[in-house]
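Worksheet: the structure to be examined is printed underneath.
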Amino acid sequence: MIDKTSASIFEAIKQIQDGATVMIGGFGTAGQPAELIDALIAHGAKELTVVNNNAGNGSFPRQSDSYEFDKLYYAKKIELELVPQGNLAARIQATGAGLGAIYTPTGYGTLLAEGKDSKVIKGRGYVLEYPIHADFALIKAFKGDRWGNLVYRKSARNFGPIMATAAKCTIAQVNEIVPLGAIDPEHVITPGIFIQHVVAV
Amino acid sequence: MAYQRLTREQIVQRVAQDIPEGAYVNLGIGLPTKIANHLDANKEIFLQSENGVLGMGPAPAKGEEDADLINAGKEFITLLEGGSYFHHGDSFTMMRGGHIDICVLGAFQVAENGDLANWHTGAPDAIPAVGGAMDLAIGAKNVFVTMEHVTKNGEPKIVKSCSYPLTGMACVNRIYTDLAVIEVTPKGLVVTEMVNGLSFEELQSLTDAPLSRE
């Protein structure tokens with residue numbers, strides 16, 4: 001029997017090693033896996049590369065930590081690679097789908113495309129952007145089952161489904177673990193193939 | 001000494017033994033599809049179908065068929081409890097993004113470096129159809145091939161270099177034929193099993209590419 005549910009958040013989080021690349025879902029606080037982030041901080045893995053939509057807008061990694069990020073940034077103790085939001089989503093999706101790179105119109109001719117290859121296709125400029133890979137993704141969903149099938153709630157879905165496809169190991173925190181078959185197969189947003197651990201919080 | 005070739009049924013039974021619990025598996029059209037009938041019912045194995053199904057179950061009972069629930073070979077199927085439906089973009093994300101543990105495909109030819117030819121004989125009058133084979137060949141973590149060891153005319157199908165158009169380069173990991181199980185390794189083709197009564201020399205004589213023993 002396959003059971004991806006974990007009784008303990010820490011059991012799921014402790015495999016994150018120093019130097020790992022970790023995607024963290026959420027747009028503002030919606031979809032932010034706050035309990036998983038707390039566990040990661042308590043676990044204490046260092047030198048992480050975090051892929052997240054929230055740095056610099058007051059909620060990285062948690063809303064309450066924004067001043068920490070600002071402090072580290074000004075002290076040059078944290079490096080920030082800025083990515084336009086649509087390119088962030090597309091580069092995450094590119095990893096999930098096994099693509100080698102994408103041509104995107106966003107950012108062409110701007111500061112954020114400096115030094116990058118570009119191409120004019122049918123008269124419009126595009127920048128060559130590479131996929132973003134992760135060792136782990138920490139995401140928040142609404143309900144999950146033991147095979148890892150997930151449904152989300154309202155606008156908390158945001159980055160969860162695509163980050164789940166782009167990480168070697170995705171840990172989903174859910175409000176409720178439901179029996180297999182309780183989620184309508186037409187309503188599964190993230191099929192279990194993309195999920196390694198489900199933790200109820 | 002005389003040897004007995006495996007039947008097609010026995011080939012798929014043999015492959016089914018190597019599919020572990022928890023594996024995400026895509027079974028190609030034709031012979032590989034029949035592997036589903038031989039999977040250990042006590043193991044939870046996730047069958048994915050390129051047309052947007054994960055958790056494929058057995059064929060429905062007569063009269064229970066649903067025209068909207070079919071597999072890649074357009075046969076009627078059922079969905080297991082815990083299965084899901086999704087669109088083609090998501091389905092091929094699974095297949096190309098390295099999320100499928102094992103795919104099993106048929107083949108016209110496999111080369112000693114793992115090149116696969118299974119979509120086109122190159123015949124000038126053939127109407128080619130490629131479907132999802134090229135995506136699976138390069139996208140699955142492990143690519144297994146099931147096929148007869150030689151053609152109906154007795155020509156080897158395991159060759160030094162494919163003469164048919166390729167489906168994918170250096171993508172096959174293991175070959176199951178009616179005579180042997182062969183691993184594709186960086187050192188070449190390694191025979192791990194042979195049918196009873198078959199000598200290594202006989203097997204080599206039916207194989208164009210050089211073989212070695214475990």
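Following the order of the structure tokens, chains are lettered A, B, ..., residues in each are numbered from 1, and ligands are numbered from 1.
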
Write out as a list in words the residues lying within 6 Å of B:Asn26, counting only C-alpha atoms and excluding same-chain residues fewer than 5 positions away. Leu47, Gln48 and Cys103 of chain B

Generate the output file for the selected residues, C-alpha atoms, as an mmCIF file, in the first residue's frame.
data_model
loop_
_atom_site.group_PDB
_atom_site.id
_atom_site.type_symbol
_atom_site.label_atom_id
_atom_site.label_comp_id
_atom_site.auth_asym_id
_atom_site.auth_seq_id
_atom_site.Cartn_x
_atom_site.Cartn_y
_atom_site.Cartn_z
ATOM 1 C CA LEU B 47 -0.724 3.362 -14.621
ATOM 2 C CA GLN B 48 -0.672 6.599 -16.591
ATOM 3 C CA CYS B 103 7.554 3.194 -19.689
#

Show me which bits of chain A are within 12 Å of chain B, counting only C-alpha atoms, as a ChimeraX atom specification. /A:1-4,92-100,131,133,144-151,161-162,164-169,178-196

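By only C-alpha atoms, and with residues fewer than 2 positions from A:Lys46 along its chain excluded, the set lying at most 12 Å from it is Ile16, Gln17, Asp18, Gly19, Ala20, Thr21, Val22, Leu40, Ile41, Ala42, His43, Gly44, Leu48, Thr49, Val50 and Ile78 of chain A.
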
If you keep C-alpha atoms, can you produce a file of those selected residues as an mmCIF file, in the first residue's frame?
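Generated output (out-v4.cif):
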data_model
loop_
_atom_site.group_PDB
_atom_site.id
_atom_site.type_symbol
_atom_site.label_atom_id
_atom_site.label_comp_id
_atom_site.auth_asym_id
_atom_site.auth_seq_id
_atom_site.Cartn_x
_atom_site.Cartn_y
_atom_site.Cartn_z
ATOM 1 C CA ILE A 16 16.294 19.173 3.406
ATOM 2 C CA GLN A 17 20.065 19.470 3.429
ATOM 3 C CA ASP A 18 22.340 22.527 3.528
ATOM 4 C CA GLY A 19 22.720 24.107 0.087
ATOM 5 C CA ALA A 20 19.400 22.788 -1.240
ATOM 6 C CA THR A 21 17.206 24.729 -3.643
ATOM 7 C CA VAL A 22 13.729 25.038 -2.125
ATOM 8 C CA LEU A 40 12.417 24.445 7.937
ATOM 9 C CA ILE A 41 13.651 27.332 10.070
ATOM 10 C CA ALA A 42 13.647 25.088 13.153
ATOM 11 C CA HIS A 43 15.483 22.385 11.179
ATOM 12 C CA GLY A 44 18.163 24.966 10.426
ATOM 13 C CA LEU A 48 19.535 27.563 0.841
ATOM 14 C CA THR A 49 18.452 28.900 -2.524
ATOM 15 C CA VAL A 50 14.799 29.810 -2.121
ATOM 16 C CA ILE A 78 21.552 37.350 0.850
#

Excluding stretch 173-186 of chain B and any residue of its chain fewer than 2 positions from it, enumerate the residues within 10 Å of it, using only C-alpha atoms, and give them as a PyMOL selection string. chain B and resi 3-12+14-15+102+104-107+110-115+141-150+157-158+170-171+188-196+198+200+203+206+211-214

Pull C-alpha atoms from the residues just selected and write them as a PDB file, in the first residue's frame.
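The resulting file, again_31.pdb, is shown below:
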ATOM      1  CA  TYR B   3      14.911 -24.196 -26.478  1.00  0.00           C
ATOM      2  CA  GLN B   4      11.385 -22.889 -26.187  1.00  0.00           C
ATOM      3  CA  ARG B   5      10.664 -19.260 -27.064  1.00  0.00           C
ATOM      4  CA  LEU B   6       8.469 -17.319 -24.661  1.00  0.00           C
ATOM      5  CA  THR B   7       4.983 -16.623 -25.928  1.00  0.00           C
ATOM      6  CA  ARG B   8       3.920 -12.975 -26.127  1.00  0.00           C
ATOM      7  CA  GLU B   9       1.865 -13.587 -22.987  1.00  0.00           C
ATOM      8  CA  GLN B  10       4.963 -14.902 -21.191  1.00  0.00           C
ATOM      9  CA  ILE B  11       7.032 -11.873 -22.240  1.00  0.00           C
ATOM     10  CA  VAL B  12       4.542  -9.488 -20.642  1.00  0.00           C
ATOM     11  CA  ARG B  14       8.079 -11.436 -17.199  1.00  0.00           C
ATOM     12  CA  VAL B  15       8.031  -7.613 -17.481  1.00  0.00           C
ATOM     13  CA  ILE B 102       8.930   3.178 -16.194  1.00  0.00           C
ATOM     14  CA  VAL B 104       7.287   0.026 -21.715  1.00  0.00           C
ATOM     15  CA  LEU B 105       7.304   0.302 -25.484  1.00  0.00           C
ATOM     16  CA  GLY B 106       7.306  -2.022 -28.448  1.00  0.00           C
ATOM     17  CA  ALA B 107      10.089  -1.675 -31.024  1.00  0.00           C
ATOM     18  CA  VAL B 110      16.987  -1.312 -30.629  1.00  0.00           C
ATOM     19  CA  ALA B 111      20.659  -0.449 -31.111  1.00  0.00           C
ATOM     20  CA  GLU B 112      23.481  -1.413 -28.783  1.00  0.00           C
ATOM     21  CA  ASN B 113      23.707   2.157 -27.436  1.00  0.00           C
ATOM     22  CA  GLY B 114      19.978   2.164 -26.602  1.00  0.00           C
ATOM     23  CA  ASP B 115      18.760   3.975 -29.722  1.00  0.00           C
ATOM     24  CA  LYS B 141      13.209   7.539 -16.036  1.00  0.00           C
ATOM     25  CA  ASN B 142      13.426   3.976 -17.376  1.00  0.00           C
ATOM     26  CA  VAL B 143      12.502   2.800 -20.853  1.00  0.00           C
ATOM     27  CA  PHE B 144      11.821  -0.919 -21.235  1.00  0.00           C
ATOM     28  CA  VAL B 145      11.249  -2.509 -24.635  1.00  0.00           C
ATOM     29  CA  THR B 146       9.211  -5.649 -25.302  1.00  0.00           C
ATOM     30  CA  MET B 147       9.551  -7.332 -28.673  1.00  0.00           C
ATOM     31  CA  GLU B 148      10.357 -10.554 -30.482  1.00  0.00           C
ATOM     32  CA  HIS B 149      14.085 -11.122 -30.668  1.00  0.00           C
ATOM     33  CA  VAL B 150      14.078 -11.385 -34.471  1.00  0.00           C
ATOM     34  CA  LYS B 157      16.030  -6.577 -34.195  1.00  0.00           C
ATOM     35  CA  ILE B 158      18.824  -5.827 -31.725  1.00  0.00           C
ATOM     36  CA  ALA B 170      20.269   6.209 -26.401  1.00  0.00           C
ATOM     37  CA  CYS B 171      17.037   6.009 -24.411  1.00  0.00           C
ATOM     38  CA  GLY B 188      27.131  -2.303 -24.181  1.00  0.00           C
ATOM     39  CA  LEU B 189      24.428  -4.963 -24.069  1.00  0.00           C
ATOM     40  CA  VAL B 190      24.536  -7.317 -21.094  1.00  0.00           C
ATOM     41  CA  VAL B 191      22.407 -10.478 -21.055  1.00  0.00           C
ATOM     42  CA  THR B 192      20.877 -11.096 -17.628  1.00  0.00           C
ATOM     43  CA  GLU B 193      18.460 -13.936 -18.493  1.00  0.00           C
ATOM     44  CA  MET B 194      17.983 -16.451 -21.296  1.00  0.00           C
ATOM     45  CA  VAL B 195      15.230 -19.009 -21.919  1.00  0.00           C
ATOM     46  CA  ASN B 196      16.030 -22.559 -20.855  1.00  0.00           C
ATOM     47  CA  LEU B 198      19.372 -21.514 -25.253  1.00  0.00           C
ATOM     48  CA  PHE B 200      24.799 -17.692 -25.263  1.00  0.00           C
ATOM     49  CA  LEU B 203      21.560 -15.934 -28.723  1.00  0.00           C
ATOM     50  CA  LEU B 206      20.382 -14.128 -33.516  1.00  0.00           C
ATOM     51  CA  LEU B 211      26.359  -9.170 -26.312  1.00  0.00           C
ATOM     52  CA  SER B 212      28.168  -9.891 -23.090  1.00  0.00           C
ATOM     53  CA  ARG B 213      27.224 -11.975 -20.085  1.00  0.00           C
ATOM     54  CA  GLU B 214      26.617 -10.673 -16.591  1.00  0.00           C
TER      55      GLU B 214
END

Strand (DSSP E or B) positions in stretch 94-150 of chain A, given as a PDB file with N, CA and C atoms, in the first residue's frame:
ATOM      1  N   ILE A 102      13.120  28.441 -22.619  1.00  0.00           N
ATOM      2  CA  ILE A 102      11.926  29.016 -23.249  1.00  0.00           C
ATOM      3  C   ILE A 102      12.277  30.399 -23.801  1.00  0.00           C
ATOM      4  N   TYR A 103      11.596  30.819 -24.832  1.00  0.00           N
ATOM      5  CA  TYR A 103      11.668  32.203 -25.310  1.00  0.00           C
ATOM      6  C   TYR A 103      10.446  32.938 -24.777  1.00  0.00           C
ATOM      7  N   THR A 104      10.690  34.011 -24.025  1.00  0.00           N
ATOM      8  CA  THR A 104       9.589  34.739 -23.403  1.00  0.00           C
ATOM      9  C   THR A 104       9.672  36.216 -23.784  1.00  0.00           C
ATOM     10  N   SER A 118      18.739  36.673 -26.918  1.00  0.00           N
ATOM     11  CA  SER A 118      17.381  37.030 -27.304  1.00  0.00           C
ATOM     12  C   SER A 118      17.188  36.731 -28.780  1.00  0.00           C
ATOM     13  N   LYS A 119      15.956  36.818 -29.210  1.00  0.00           N
ATOM     14  CA  LYS A 119      15.638  36.474 -30.593  1.00  0.00           C
ATOM     15  C   LYS A 119      14.382  37.234 -31.004  1.00  0.00           C
ATOM     16  N   VAL A 120      14.389  37.716 -32.223  1.00  0.00           N
ATOM     17  CA  VAL A 120      13.178  38.343 -32.743  1.00  0.00           C
ATOM     18  C   VAL A 120      12.438  37.289 -33.565  1.00  0.00           C
ATOM     19  N   ILE A 121      11.210  36.998 -33.157  1.00  0.00           N
ATOM     20  CA  ILE A 121      10.391  35.999 -33.841  1.00  0.00           C
ATOM     21  C   ILE A 121       9.145  36.696 -34.366  1.00  0.00           C
ATOM     22  N   ARG A 124       8.621  40.231 -33.073  1.00  0.00           N
ATOM     23  CA  ARG A 124       8.535  40.536 -31.653  1.00  0.00           C
ATOM     24  C   ARG A 124       9.771  39.981 -30.932  1.00  0.00           C
ATOM     25  N   GLY A 125      10.276  40.745 -29.977  1.00  0.00           N
ATOM     26  CA  GLY A 125      11.486  40.335 -29.268  1.00  0.00           C
ATOM     27  C   GLY A 125      11.190  39.372 -28.129  1.00  0.00           C
ATOM     28  N   TYR A 126      12.079  38.388 -27.973  1.00  0.00           N
ATOM     29  CA  TYR A 126      11.943  37.393 -26.900  1.00  0.00           C
ATOM     30  C   TYR A 126      13.291  37.181 -26.223  1.00  0.00           C
ATOM     31  N   VAL A 127      13.249  36.881 -24.930  1.00  0.00           N
ATOM     32  CA  VAL A 127      14.461  36.589 -24.160  1.00  0.00           C
ATOM     33  C   VAL A 127      14.529  35.079 -23.917  1.00  0.00           C
ATOM     34  N   LEU A 128      15.749  34.535 -24.026  1.00  0.00           N
ATOM     35  CA  LEU A 128      15.929  33.117 -23.726  1.00  0.00           C
ATOM     36  C   LEU A 128      16.098  32.947 -22.219  1.00  0.00           C
ATOM     37  N   GLU A 129      15.201  32.210 -21.619  1.00  0.00           N
ATOM     38  CA  GLU A 129      15.257  31.985 -20.168  1.00  0.00           C
ATOM     39  C   GLU A 129      15.313  30.486 -19.888  1.00  0.00           C
ATOM     40  N   ALA A 134      14.390  22.609  -8.633  1.00  0.00           N
ATOM     41  CA  ALA A 134      14.476  22.635  -7.171  1.00  0.00           C
ATOM     42  C   ALA A 134      14.655  21.228  -6.622  1.00  0.00           C
ATOM     43  N   ASP A 135      15.327  21.157  -5.487  1.00  0.00           N
ATOM     44  CA  ASP A 135      15.430  19.877  -4.781  1.00  0.00           C
ATOM     45  C   ASP A 135      14.122  19.589  -4.040  1.00  0.00           C
ATOM     46  N   PHE A 136      13.546  20.645  -3.466  1.00  0.00           N
ATOM     47  CA  PHE A 136      12.322  20.493  -2.678  1.00  0.00           C
ATOM     48  C   PHE A 136      11.332  21.590  -3.054  1.00  0.00           C
ATOM     49  N   ALA A 137      10.056  21.269  -2.956  1.00  0.00           N
ATOM     50  CA  ALA A 137       9.023  22.301  -3.008  1.00  0.00           C
ATOM     51  C   ALA A 137       8.168  22.142  -1.759  1.00  0.00           C
ATOM     52  N   LEU A 138       7.896  23.255  -1.109  1.00  0.00           N
ATOM     53  CA  LEU A 138       7.005  23.270   0.056  1.00  0.00           C
ATOM     54  C   LEU A 138       5.756  24.023  -0.375  1.00  0.00           C
ATOM     55  N   ILE A 139       4.625  23.350  -0.339  1.00  0.00           N
ATOM     56  CA  ILE A 139       3.407  23.986  -0.831  1.00  0.00           C
ATOM     57  C   ILE A 139       2.259  23.757   0.152  1.00  0.00           C
ATOM     58  N   LYS A 140       1.221  24.562  -0.035  1.00  0.00           N
ATOM     59  CA  LYS A 140       0.037  24.431   0.817  1.00  0.00           C
ATOM     60  C   LYS A 140      -1.169  24.117  -0.055  1.00  0.00           C
ATOM     61  N   ALA A 141      -1.889  23.062   0.314  1.00  0.00           N
ATOM     62  CA  ALA A 141      -3.126  22.728  -0.384  1.00  0.00           C
ATOM     63  C   ALA A 141      -4.244  22.613   0.651  1.00  0.00           C
ATOM     64  N   PHE A 142      -5.440  22.351   0.169  1.00  0.00           N
ATOM     65  CA  PHE A 142      -6.602  22.299   1.068  1.00  0.00           C
ATOM     66  C   PHE A 142      -6.826  20.868   1.561  1.00  0.00           C
ATOM     67  N   LYS A 143      -6.965  19.932   0.602  1.00  0.00           N
ATOM     68  CA  LYS A 143      -7.176  18.527   0.961  1.00  0.00           C
ATOM     69  C   LYS A 143      -6.208  17.659   0.169  1.00  0.00           C
ATOM     70  N   GLY A 144      -5.774  16.569   0.809  1.00  0.00           N
ATOM     71  CA  GLY A 144      -4.912  15.616   0.119  1.00  0.00           C
ATOM     72  C   GLY A 144      -5.251  14.207   0.549  1.00  0.00           C
ATOM     73  N   LEU A 150      -4.157  16.321  -4.703  1.00  0.00           N
ATOM     74  CA  LEU A 150      -4.434  17.542  -3.952  1.00  0.00           C
ATOM     75  C   LEU A 150      -5.516  18.378  -4.610  1.00  0.00           C
TER      76      LEU A 150
END

Would you list, as a list in words, the residues of stretch 36-213 of chain B that end up in helix (DSSP H, G or I) under DSSP run on this structure's backbone? Ala36, Asn37, His38, His88, Gly89, Asp90, Ser91, Phe92, Thr93, Met94, Met95, Arg96, Ala133, Met134, Asp135, Leu136, Ala137, Ile138, Gly139, Phe200, Glu201, Glu202, Leu203, Gln204 and Ser205 of chain B

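What separates atom CA of A:Ala30 from atom CA of A:Gln85 is a distance of 16.0 Å.
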
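When only C-alpha atoms are used to compute distances to B:Asp66, the closest of the residues B:Ser49, B:Thr78, B:Thr33, B:Thr151 turns out to be B:Thr78.
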
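Counting from atom CA of A:Gly123, the distance to atom CA of A:Thr106 is 14.6 Å.
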
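Atom CA of A:Leu36 is found 17.6 Å from atom CA of A:Arg153.
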